[in-house]
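Below is one structure, written out as structure tokens, with a few remarks after it.
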Amino acid sequence: MRPFTYVRAESLRDALDNARTADTRFLAGGTELLNWARIGIESPRRLVDIGRLPDLHEITSDSDGLRIGALARLNDVAQDPRVEASYPVLSQAILKSASAQLRNLATIGGNPVQRTRCPYFRSPGPVACNKRVPKSGCAALHGANERLAIFGWTEDCVAVQPSDPAVALACLDAEITTEHVDGGRRIPAPEFHTLPGEDPSAHNVLRPGELITGIEIGAPVPKSAYVKVRERQSYEFALVSAAAAVEIQDGLISRARLALGSVAMRPWRLYDAEQALVGLRPGSPAVREAVTSGFSASRPLSSNAYKIPLARNTALRALDLALEA
Ligand SMILES: Cc1cc2nc3c(=O)[nH]c(=O)nc-3n(C[C@H](O)[C@H](O)[C@H](O)COP(=O)(O)OP(=O)(O)OC[C@H]3O[C@@H](n4cnc5c(N)ncnc54)[C@H](O)[C@@H]3O)c2cc1C
Ligand code: SF4
């Protein structure tokens with residue numbers, strides 16, 4: 001591990017000023033970043049510890065919705081009564097992430113910044129991986145790709161984004177707020193992660209030195225649910241997952257939002273299916289057809305065709321649970 005300088009930021013301004021150089025990284029819970037340094041994925045020259053920044057731990061609500069400070073711990077968010085009652089999809093997605101110990105340390109701002117679990121990207125030895133070494137190739141394209149993408153991939157990268165909370169946030173149309181020495185912005189959660197067609201080496205749209213300050217979610221969606229399919233029931237990343245949020249009027253679906261996880265380098269919204277669901281009666285055969293219509297753009301790799309029916313059935317299950325909520 002390369003030696004690095006450690007700085008504890010005392011204020012937001014202090015954090016931004018200390019992150020002006022490209023080889024600086026913010027340290028929040030440290031559950032990802034320290035692993036990257038150990039494996040050699042990252043060798044920052046300077047770590048800016050943002051863990052004690054005032055105000056960024058709070059969860060507040062008003063008539064417009066909910067604001068979650070970026071440093072709120074995952075377990076604190078999942079167990080907040082407002083999140084449990086009004087955004088159950090987010091609470092469920094968090095509680096299905098990692099382990100209780102990790103969730104006590106990991107932050108809601110650090111979670112979407114986590115990187116792919118592609119085995120080649122995480123390999124301790126040198127390997128063709130455009131995300132790890134730009135322009136070196138993609139060993140997974142014809143290699144071990146059983147768990148990788150079925151949407152939005154290119155020959156330059158077929159990885160998936162593994163975050164569970166990010167899928168719920170994309171489904172809820174949350175916004176990620178940021179600050180930077182050149183000014184802050186609001187990033188729609190469905191657009192936070194980048195697809196390989198844009199830049200195969202990138203994971204998200206954050207600029208160097210850009211700090212996530214919080215996450216904002218609009219009106220409550222109590223009819224929402226998250227389903228995660230994995231090889232063991234805890235402490236495991238998803239094979240696929242699905243988040244669903246619905247609204248009902250006069251017995252018919254008046255609005256539906258569906259997002260899939262672990263199928264692409266970003267949470268994958270099924271926008272066509274969402275449109276097709278409007279006006280349908282819950283439980284009618286047309287609901288299955290509508291969800292299936294969202295899969296017209298899916299493309300399997302050499303070893304992961306099973307993920308297409310699995311993702312469709314997971315989306316249907318999440319939708320059923322949201323309708324029952
Ligand atoms: C064994 C293991 C299993 C896991 N399983 C799951 C799982 O099933 N589901 C799931 O969703 N996640 C899982 N995770 C990921 C875990 O949730 C993340 O490690 C965690 O959320 C990252 O948060 P952190 O605060 O520790 O980030 P850190 O490790 O501190 O930082 C991670 C990255 O985010 C950046 N960063 C942190 N905060 C900010 C900010 N406010 N603004 C800008 N950049 C920031 C850092 O600079 C760094 O680049 C797992 C992790 C491990 C180690
Ligand atoms: S899928 Fe992406 S992360 Fe995995 S080897 Fe290919 S380029 Fe690297």
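Here's how to read the names in the structure tokens: chain A, B, ... by the order shown, residue numbers from 1 in each chain, ligand numbers from 1 in the order shown.
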Would you name the residues within 8 Å of ligand 2, counting only C-alpha atoms and all ligand atoms, and put them as a ChimeraX atom specification? /A:116-121,127-132,137-141,145,148,156-160,200-201
The selected residues should be written to file as a JSON list (two decimals), in the first residue's frame (atoms: C-alpha atoms).
[["chain", "number", "residue", "atom", "x", "y", "z"],
["A", 116, "THR", "CA", -18.28, -3.30, -9.42],
["A", 117, "ARG", "CA", -17.70, -6.75, -7.94],
["A", 118, "CYS", "CA", -16.54, -8.12, -11.34],
["A", 119, "PRO", "CA", -13.91, -10.75, -10.36],
["A", 120, "TYR", "CA", -11.39, -9.40, -12.87],
["A", 121, "PHE", "CA", -11.74, -5.85, -11.56],
["A", 127, "VAL", "CA", -5.62, -8.75, -15.85],
["A", 128, "ALA", "CA", -7.31, -7.23, -18.91],
["A", 129, "CYS", "CA", -9.86, -4.87, -17.38],
["A", 130, "ASN", "CA", -10.80, -1.52, -18.91],
["A", 131, "LYS", "CA", -12.14, -0.34, -15.57],
["A", 132, "ARG", "CA", -8.93, -1.13, -13.74],
["A", 137, "GLY", "CA", -9.48, -5.01, -22.68],
["A", 138, "CYS", "CA", -12.27, -6.91, -20.93],
["A", 139, "ALA", "CA", -11.46, -10.40, -19.67],
["A", 140, "ALA", "CA", -15.09, -10.96, -18.63],
["A", 141, "LEU", "CA", -16.55, -10.57, -22.13],
["A", 145, "ASN", "CA", -19.55, -13.54, -16.80],
["A", 148, "LEU", "CA", -22.66, -9.88, -15.09],
["A", 156, "ASP", "CA", -15.50, -2.80, -23.47],
["A", 157, "CYS", "CA", -17.22, -3.67, -20.18],
["A", 158, "VAL", "CA", -19.98, -6.09, -19.15],
["A", 159, "ALA", "CA", -19.89, -5.43, -15.40],
["A", 160, "VAL", "CA", -22.79, -4.59, -13.07],
["A", 200, "PRO", "CA", -15.85, 2.06, -19.84],
["A", 201, "SER", "CA", -13.40, 3.11, -17.11]]
Can you write out as a tab-separated table which residues of chain A fall within 6 Å of ligand 1, alongside each residue's closest atom pair and its distance in Å to one decimal, counting only C-alpha atoms and all ligand atoms and ordering rows by chain and ascending residue number?
residue	atom	partner	partner_atom_place_in_ligand_line	distance
A:Arg25	CA	ligand 1	47 (O)	4.4
A:Phe26	CA	ligand 1	47 (O)	3.7
A:Leu27	CA	ligand 1	30 (O)	4.2
A:Ala28	CA	ligand 1	30 (O)	3.5
A:Gly29	CA	ligand 1	26 (O)	3.4
A:Gly30	CA	ligand 1	30 (O)	3.4
A:Thr31	CA	ligand 1	26 (O)	3.7
A:Glu32	CA	ligand 1	29 (O)	3.4
A:Leu33	CA	ligand 1	29 (O)	3.9
A:Ala70	CA	ligand 1	41 (N)	5.2
A:Ser97	CA	ligand 1	9 (N)	3.6
A:Ala98	CA	ligand 1	5 (N)	3.2
A:Ala106	CA	ligand 1	26 (O)	3.8
A:Thr107	CA	ligand 1	25 (O)	3.7
A:Gly109	CA	ligand 1	41 (N)	4.5
A:Gly110	CA	ligand 1	37 (C)	3.5
A:Asn111	CA	ligand 1	21 (O)	3.2
A:Val113	CA	ligand 1	34 (O)	4.5
A:Gln114	CA	ligand 1	32 (C)	5.5
A:Ser163	CA	ligand 1	11 (O)	3.4
A:Asp164	CA	ligand 1	11 (O)	3.9
A:Pro165	CA	ligand 1	11 (O)	5.7
A:Leu211	CA	ligand 1	42 (N)	3.7
A:Ile212	CA	ligand 1	42 (N)	3.7
A:Thr213	CA	ligand 1	41 (N)	5.7
A:Tyr235	CA	ligand 1	8 (O)	5.9
A:Glu236	CA	ligand 1	8 (O)	5.0
A:Phe237	CA	ligand 1	8 (O)	4.1
With N, CA, C and O atoms retained, export the selected residues as a compact mmCIF listing (two decimals), in the first residue's frame.
# COMPACT_ATOMS: atom_id res chain seq x y z
N ARG A 25 -9.02 11.23 -1.99
CA ARG A 25 -10.31 10.55 -1.86
C ARG A 25 -10.93 10.90 -0.51
O ARG A 25 -10.22 11.01 0.50
N PHE A 26 -12.27 11.01 -0.53
CA PHE A 26 -12.98 11.21 0.74
C PHE A 26 -13.10 9.86 1.45
O PHE A 26 -13.33 8.84 0.82
N LEU A 27 -12.96 9.91 2.76
CA LEU A 27 -13.13 8.69 3.57
C LEU A 27 -14.38 8.88 4.42
O LEU A 27 -14.46 9.81 5.22
N ALA A 28 -15.38 8.01 4.22
CA ALA A 28 -16.62 8.10 5.01
C ALA A 28 -16.61 6.95 6.02
O ALA A 28 -15.92 7.01 7.03
N GLY A 29 -17.34 5.84 5.73
CA GLY A 29 -17.28 4.68 6.62
C GLY A 29 -16.00 3.87 6.45
O GLY A 29 -15.59 3.13 7.34
N GLY A 30 -15.39 3.97 5.29
CA GLY A 30 -14.11 3.28 5.02
C GLY A 30 -14.27 1.81 4.65
O GLY A 30 -13.28 1.13 4.40
N THR A 31 -15.52 1.30 4.53
CA THR A 31 -15.69 -0.14 4.31
C THR A 31 -15.32 -0.56 2.89
O THR A 31 -15.01 -1.72 2.65
N GLU A 32 -15.39 0.35 1.94
CA GLU A 32 -14.97 0.06 0.56
C GLU A 32 -13.54 0.54 0.32
O GLU A 32 -12.69 -0.20 -0.14
N LEU A 33 -13.31 1.79 0.65
CA LEU A 33 -12.06 2.45 0.26
C LEU A 33 -10.83 1.72 0.79
O LEU A 33 -9.83 1.56 0.08
N ALA A 70 -25.55 12.66 3.78
CA ALA A 70 -24.70 11.64 3.15
C ALA A 70 -23.99 10.76 4.17
O ALA A 70 -23.63 9.63 3.86
N SER A 97 -28.57 -5.44 2.41
CA SER A 97 -27.20 -5.13 1.97
C SER A 97 -26.19 -5.61 3.01
O SER A 97 -26.40 -5.45 4.21
N ALA A 98 -25.08 -6.16 2.54
CA ALA A 98 -23.91 -6.45 3.38
C ALA A 98 -24.30 -7.19 4.66
O ALA A 98 -25.13 -8.08 4.65
N ALA A 106 -21.04 1.77 7.32
CA ALA A 106 -21.16 2.29 5.95
C ALA A 106 -22.19 3.41 5.89
O ALA A 106 -23.21 3.37 6.59
N THR A 107 -21.95 4.37 5.01
CA THR A 107 -22.83 5.54 4.91
C THR A 107 -23.68 5.47 3.64
O THR A 107 -23.30 4.84 2.65
N GLY A 109 -24.14 7.90 1.64
CA GLY A 109 -23.44 8.62 0.56
C GLY A 109 -22.33 7.79 -0.06
O GLY A 109 -22.06 7.88 -1.25
N GLY A 110 -21.66 6.96 0.76
CA GLY A 110 -20.58 6.12 0.24
C GLY A 110 -21.11 4.92 -0.54
O GLY A 110 -20.45 4.42 -1.45
N ASN A 111 -22.31 4.45 -0.19
CA ASN A 111 -22.81 3.21 -0.80
C ASN A 111 -22.92 3.26 -2.33
O ASN A 111 -22.44 2.34 -3.00
N VAL A 113 -21.26 4.89 -4.34
CA VAL A 113 -19.93 5.08 -4.95
C VAL A 113 -19.16 3.76 -4.98
O VAL A 113 -18.08 3.68 -5.55
N GLN A 114 -19.71 2.72 -4.39
CA GLN A 114 -19.01 1.42 -4.42
C GLN A 114 -18.83 0.98 -5.86
O GLN A 114 -19.61 1.33 -6.75
N SER A 163 -24.76 -2.10 -5.91
CA SER A 163 -25.44 -1.48 -4.75
C SER A 163 -26.92 -1.85 -4.70
O SER A 163 -27.62 -1.78 -5.71
N ASP A 164 -27.41 -2.21 -3.52
CA ASP A 164 -28.85 -2.41 -3.32
C ASP A 164 -29.59 -1.08 -3.10
O ASP A 164 -30.58 -0.81 -3.77
N PRO A 165 -29.13 -0.23 -2.15
CA PRO A 165 -29.85 1.03 -1.94
C PRO A 165 -29.98 1.87 -3.22
O PRO A 165 -31.01 2.53 -3.43
N LEU A 211 -18.28 16.24 -3.61
CA LEU A 211 -18.73 15.58 -2.37
C LEU A 211 -20.25 15.41 -2.39
O LEU A 211 -20.97 16.40 -2.60
N ILE A 212 -20.71 14.21 -2.14
CA ILE A 212 -22.16 14.00 -1.97
C ILE A 212 -22.53 14.54 -0.59
O ILE A 212 -21.92 14.15 0.41
N THR A 213 -23.51 15.43 -0.56
CA THR A 213 -23.93 15.98 0.74
C THR A 213 -25.21 15.32 1.25
O THR A 213 -25.45 15.30 2.45
N TYR A 235 -25.44 -11.50 3.69
CA TYR A 235 -24.04 -11.17 3.44
C TYR A 235 -23.60 -11.62 2.06
O TYR A 235 -22.58 -12.27 1.90
N GLU A 236 -24.42 -11.29 1.07
CA GLU A 236 -24.12 -11.72 -0.30
C GLU A 236 -24.67 -10.68 -1.28
O GLU A 236 -25.76 -10.13 -1.06
N PHE A 237 -23.93 -10.42 -2.33
CA PHE A 237 -24.41 -9.50 -3.36
C PHE A 237 -25.51 -10.16 -4.18
O PHE A 237 -25.61 -11.39 -4.24
Tell me, which residues of range 74-184 of chain A carry DSSP strand (DSSP E or B), written as a list in words?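 So the strand (DSSP E or B) residues in range 74-184 of chain A would be Thr107, Cys129, Cys138, Thr154, Cys157, Glu175, Ile176, Thr177, Thr178 and Glu179 of chain A.
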Hey, what's within 12 Å of Gln249 in chain A if we count only C-alpha atoms and toss same-chain stuff fewer than 5 positions away? As a list in words, please? Ser254, Arg255, Ala256, Val278, Gly279, Leu280, Arg281, Pro282 and Leu323 of chain A
Residue neighbourhood Thr21 in chain A, 9 Å, only C-alpha atoms, exclusion window fewer than 6 positions, as a PDB file with C-alpha atoms, in the first residue's frame:
ATOM      1  CA  ARG A  46      -4.378  11.889   0.453  1.00  0.00           C
ATOM      2  CA  PRO A 208     -12.768  14.654  -8.682  1.00  0.00           C
ATOM      3  CA  GLY A 209     -13.303  16.535  -5.430  1.00  0.00           C
TER       4      GLY A 209
END
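For the pair CA of Leu53 in chain A and CA of Asn104 in chain A, the separation is 17.4 Å.
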Point out the residue among A:Arg288, A:His193, A:His142, A:Arg230 with the least atom-to-atom distance to Ser302 in chain A, counting only C-alpha atoms.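 Of the candidates, the smallest distance to Ser302 in chain A is held by A:His142.
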Give me, as a Markdown table, the closest atom pair and its distance (Å, one decimal) for every residue of range 148-195 of chain A within a cut-off of 12 Å of range 310-314 of chain A, counting only C-alpha atoms, rows sorted by chain and rising number.
| residue | atom | partner | partner_atom | distance |
| --- | --- | --- | --- | --- |
| A:Ala149 | CA | A:Ala311 | CA | 11.3 |
| A:Ile150 | CA | A:Ala311 | CA | 9.5 |
| A:Phe151 | CA | A:Ala311 | CA | 11.0 |
Polymer residues at most 7 Å from Leu239 in chain A, only C-alpha atoms, same-chain spacing of 5 or more positions, as a list in words: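 The residues satisfying every condition are Arg147, Val229, Arg230 and Ser262 of chain A.
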DSSP on the backbone, alpha helix (DSSP H) only: what residues of range 110-252 of chain A does that give? Format it as an MDAnalysis selection string. chainID A and resid 165:171
Rounded to one decimal, what separation in Å do you get between CA of Leu321 in chain A and CA of Asn75 in chain A? 22.3 Å
Spatial neighbours of Gly69 in chain A, max dist 10 Å, only C-alpha atoms, sep filter under 4 positions, as a compact mmCIF listing (two decimals) with all heavy atoms, in the first residue's frame:
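The new file around_27.txt reads:
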# COMPACT_ATOMS: atom_id res chain seq x y z
N PRO A 54 -20.24 18.25 10.48
CA PRO A 54 -21.53 18.50 11.13
C PRO A 54 -22.67 18.51 10.09
O PRO A 54 -22.44 18.79 8.94
CB PRO A 54 -21.35 19.88 11.76
CG PRO A 54 -20.18 20.50 11.09
CD PRO A 54 -19.34 19.39 10.53
N ASP A 55 -23.83 18.17 10.51
CA ASP A 55 -25.08 18.27 9.73
C ASP A 55 -25.29 17.15 8.70
O ASP A 55 -26.41 16.95 8.26
CB ASP A 55 -25.22 19.61 8.98
CG ASP A 55 -25.12 20.78 9.92
OD1 ASP A 55 -25.45 20.58 11.10
OD2 ASP A 55 -24.71 21.87 9.47
N LEU A 56 -24.24 16.46 8.29
CA LEU A 56 -24.43 15.49 7.21
C LEU A 56 -24.89 14.12 7.71
O LEU A 56 -24.99 13.18 6.94
CB LEU A 56 -23.16 15.34 6.37
CG LEU A 56 -22.71 16.57 5.59
CD1 LEU A 56 -21.61 16.21 4.59
CD2 LEU A 56 -23.86 17.24 4.85
N HIS A 57 -25.14 14.00 9.02
CA HIS A 57 -25.62 12.72 9.57
C HIS A 57 -27.15 12.70 9.70
O HIS A 57 -27.73 11.67 9.99
CB HIS A 57 -25.02 12.47 10.96
CG HIS A 57 -23.54 12.31 10.94
ND1 HIS A 57 -22.91 11.09 10.95
CD2 HIS A 57 -22.55 13.22 10.90
CE1 HIS A 57 -21.59 11.25 10.93
NE2 HIS A 57 -21.35 12.54 10.90
N GLU A 58 -27.77 13.85 9.49
CA GLU A 58 -29.19 13.97 9.87
C GLU A 58 -30.16 13.47 8.80
O GLU A 58 -29.87 13.56 7.61
CB GLU A 58 -29.52 15.43 10.16
CG GLU A 58 -28.91 15.89 11.47
CD GLU A 58 -29.09 17.38 11.68
OE1 GLU A 58 -29.92 17.99 10.97
OE2 GLU A 58 -28.39 17.91 12.56
N ILE A 59 -31.32 13.03 9.27
CA ILE A 59 -32.44 12.69 8.37
C ILE A 59 -33.56 13.65 8.73
O ILE A 59 -33.97 13.70 9.90
CB ILE A 59 -32.90 11.23 8.56
CG1 ILE A 59 -31.72 10.27 8.37
CG2 ILE A 59 -34.04 10.90 7.62
CD1 ILE A 59 -32.05 8.81 8.66
N THR A 60 -34.02 14.44 7.77
CA THR A 60 -35.09 15.40 8.06
C THR A 60 -36.22 15.21 7.06
O THR A 60 -36.00 14.71 5.95
CB THR A 60 -34.57 16.86 7.96
OG1 THR A 60 -33.95 17.02 6.67
CG2 THR A 60 -33.53 17.16 9.03
N ARG A 73 -25.63 6.58 8.65
CA ARG A 73 -25.24 5.16 8.54
C ARG A 73 -26.39 4.37 7.94
O ARG A 73 -27.57 4.65 8.21
CB ARG A 73 -24.91 4.58 9.92
CG ARG A 73 -23.90 5.37 10.71
CD ARG A 73 -22.51 5.20 10.19
NE ARG A 73 -21.58 6.05 10.94
CZ ARG A 73 -20.32 6.23 10.61
NH1 ARG A 73 -19.81 5.62 9.54
NH2 ARG A 73 -19.54 7.00 11.31
N VAL A 77 -30.58 4.73 8.56
CA VAL A 77 -31.57 5.09 7.52
C VAL A 77 -32.66 4.01 7.47
O VAL A 77 -33.85 4.32 7.49
CB VAL A 77 -30.89 5.22 6.14
CG1 VAL A 77 -31.92 5.56 5.07
CG2 VAL A 77 -29.77 6.28 6.17
N THR A 107 -21.95 4.37 5.01
CA THR A 107 -22.83 5.54 4.91
C THR A 107 -23.68 5.47 3.64
O THR A 107 -23.30 4.84 2.65
CB THR A 107 -22.00 6.83 4.88
OG1 THR A 107 -21.17 6.79 3.70
CG2 THR A 107 -21.12 6.95 6.12
N ILE A 108 -24.80 6.19 3.67
CA ILE A 108 -25.70 6.20 2.50
C ILE A 108 -25.06 6.97 1.34
O ILE A 108 -25.35 6.71 0.18
CB ILE A 108 -27.09 6.81 2.88
CG1 ILE A 108 -28.12 6.57 1.78
CG2 ILE A 108 -27.00 8.29 3.19
CD1 ILE A 108 -28.69 5.20 1.74
N GLY A 109 -24.14 7.90 1.64
CA GLY A 109 -23.44 8.62 0.56
C GLY A 109 -22.33 7.79 -0.06
O GLY A 109 -22.06 7.88 -1.25
N THR A 177 -27.56 15.18 -3.92
CA THR A 177 -27.06 16.56 -3.92
C THR A 177 -25.56 16.55 -3.65
O THR A 177 -25.06 15.74 -2.86
CB THR A 177 -27.78 17.41 -2.85
OG1 THR A 177 -27.53 16.84 -1.56
CG2 THR A 177 -29.27 17.46 -3.09
N ILE A 212 -20.71 14.21 -2.14
CA ILE A 212 -22.16 14.00 -1.97
C ILE A 212 -22.53 14.54 -0.59
O ILE A 212 -21.92 14.15 0.41
CB ILE A 212 -22.51 12.50 -2.07
CG1 ILE A 212 -22.18 11.97 -3.47
CG2 ILE A 212 -23.98 12.26 -1.74
CD1 ILE A 212 -22.35 10.46 -3.62
N THR A 213 -23.51 15.43 -0.56
CA THR A 213 -23.93 15.98 0.74
C THR A 213 -25.21 15.32 1.25
O THR A 213 -25.45 15.30 2.45
CB THR A 213 -24.16 17.50 0.63
OG1 THR A 213 -25.04 17.74 -0.48
CG2 THR A 213 -22.85 18.24 0.44
N GLY A 214 -26.04 14.81 0.33
CA GLY A 214 -27.26 14.18 0.81
C GLY A 214 -28.07 13.58 -0.32
O GLY A 214 -27.68 13.63 -1.49
N ILE A 215 -29.20 13.01 0.08
CA ILE A 215 -30.11 12.38 -0.87
C ILE A 215 -31.51 12.88 -0.56
O ILE A 215 -31.92 12.89 0.62
CB ILE A 215 -30.03 10.84 -0.75
CG1 ILE A 215 -28.65 10.40 -1.28
CG2 ILE A 215 -31.16 10.16 -1.50
CD1 ILE A 215 -28.26 9.00 -1.01
N GLU A 216 -32.21 13.33 -1.59
CA GLU A 216 -33.56 13.85 -1.37
C GLU A 216 -34.57 12.98 -2.11
O GLU A 216 -34.36 12.61 -3.27
CB GLU A 216 -33.64 15.30 -1.85
CG GLU A 216 -32.74 16.18 -0.99
CD GLU A 216 -32.85 17.66 -1.30
OE1 GLU A 216 -33.69 18.04 -2.16
OE2 GLU A 216 -32.09 18.43 -0.68
Spatial neighbours of Ala168 in chain A, max dist 6 Å, only C-alpha atoms, sep filter under 6 positions, as a VMD selection string: chain A and resid 89 to 90 243
With C-alpha atoms retained, write the just-selected residues as a PDB file, in the first residue's frame.
ATOM      1  CA  VAL A  89     -38.442  -0.116  -0.636  1.00  0.00           C
ATOM      2  CA  LEU A  90     -35.404   1.798   0.636  1.00  0.00           C
ATOM      3  CA  ALA A 243     -37.472  -2.352  -6.649  1.00  0.00           C
TER       4      ALA A 243
END
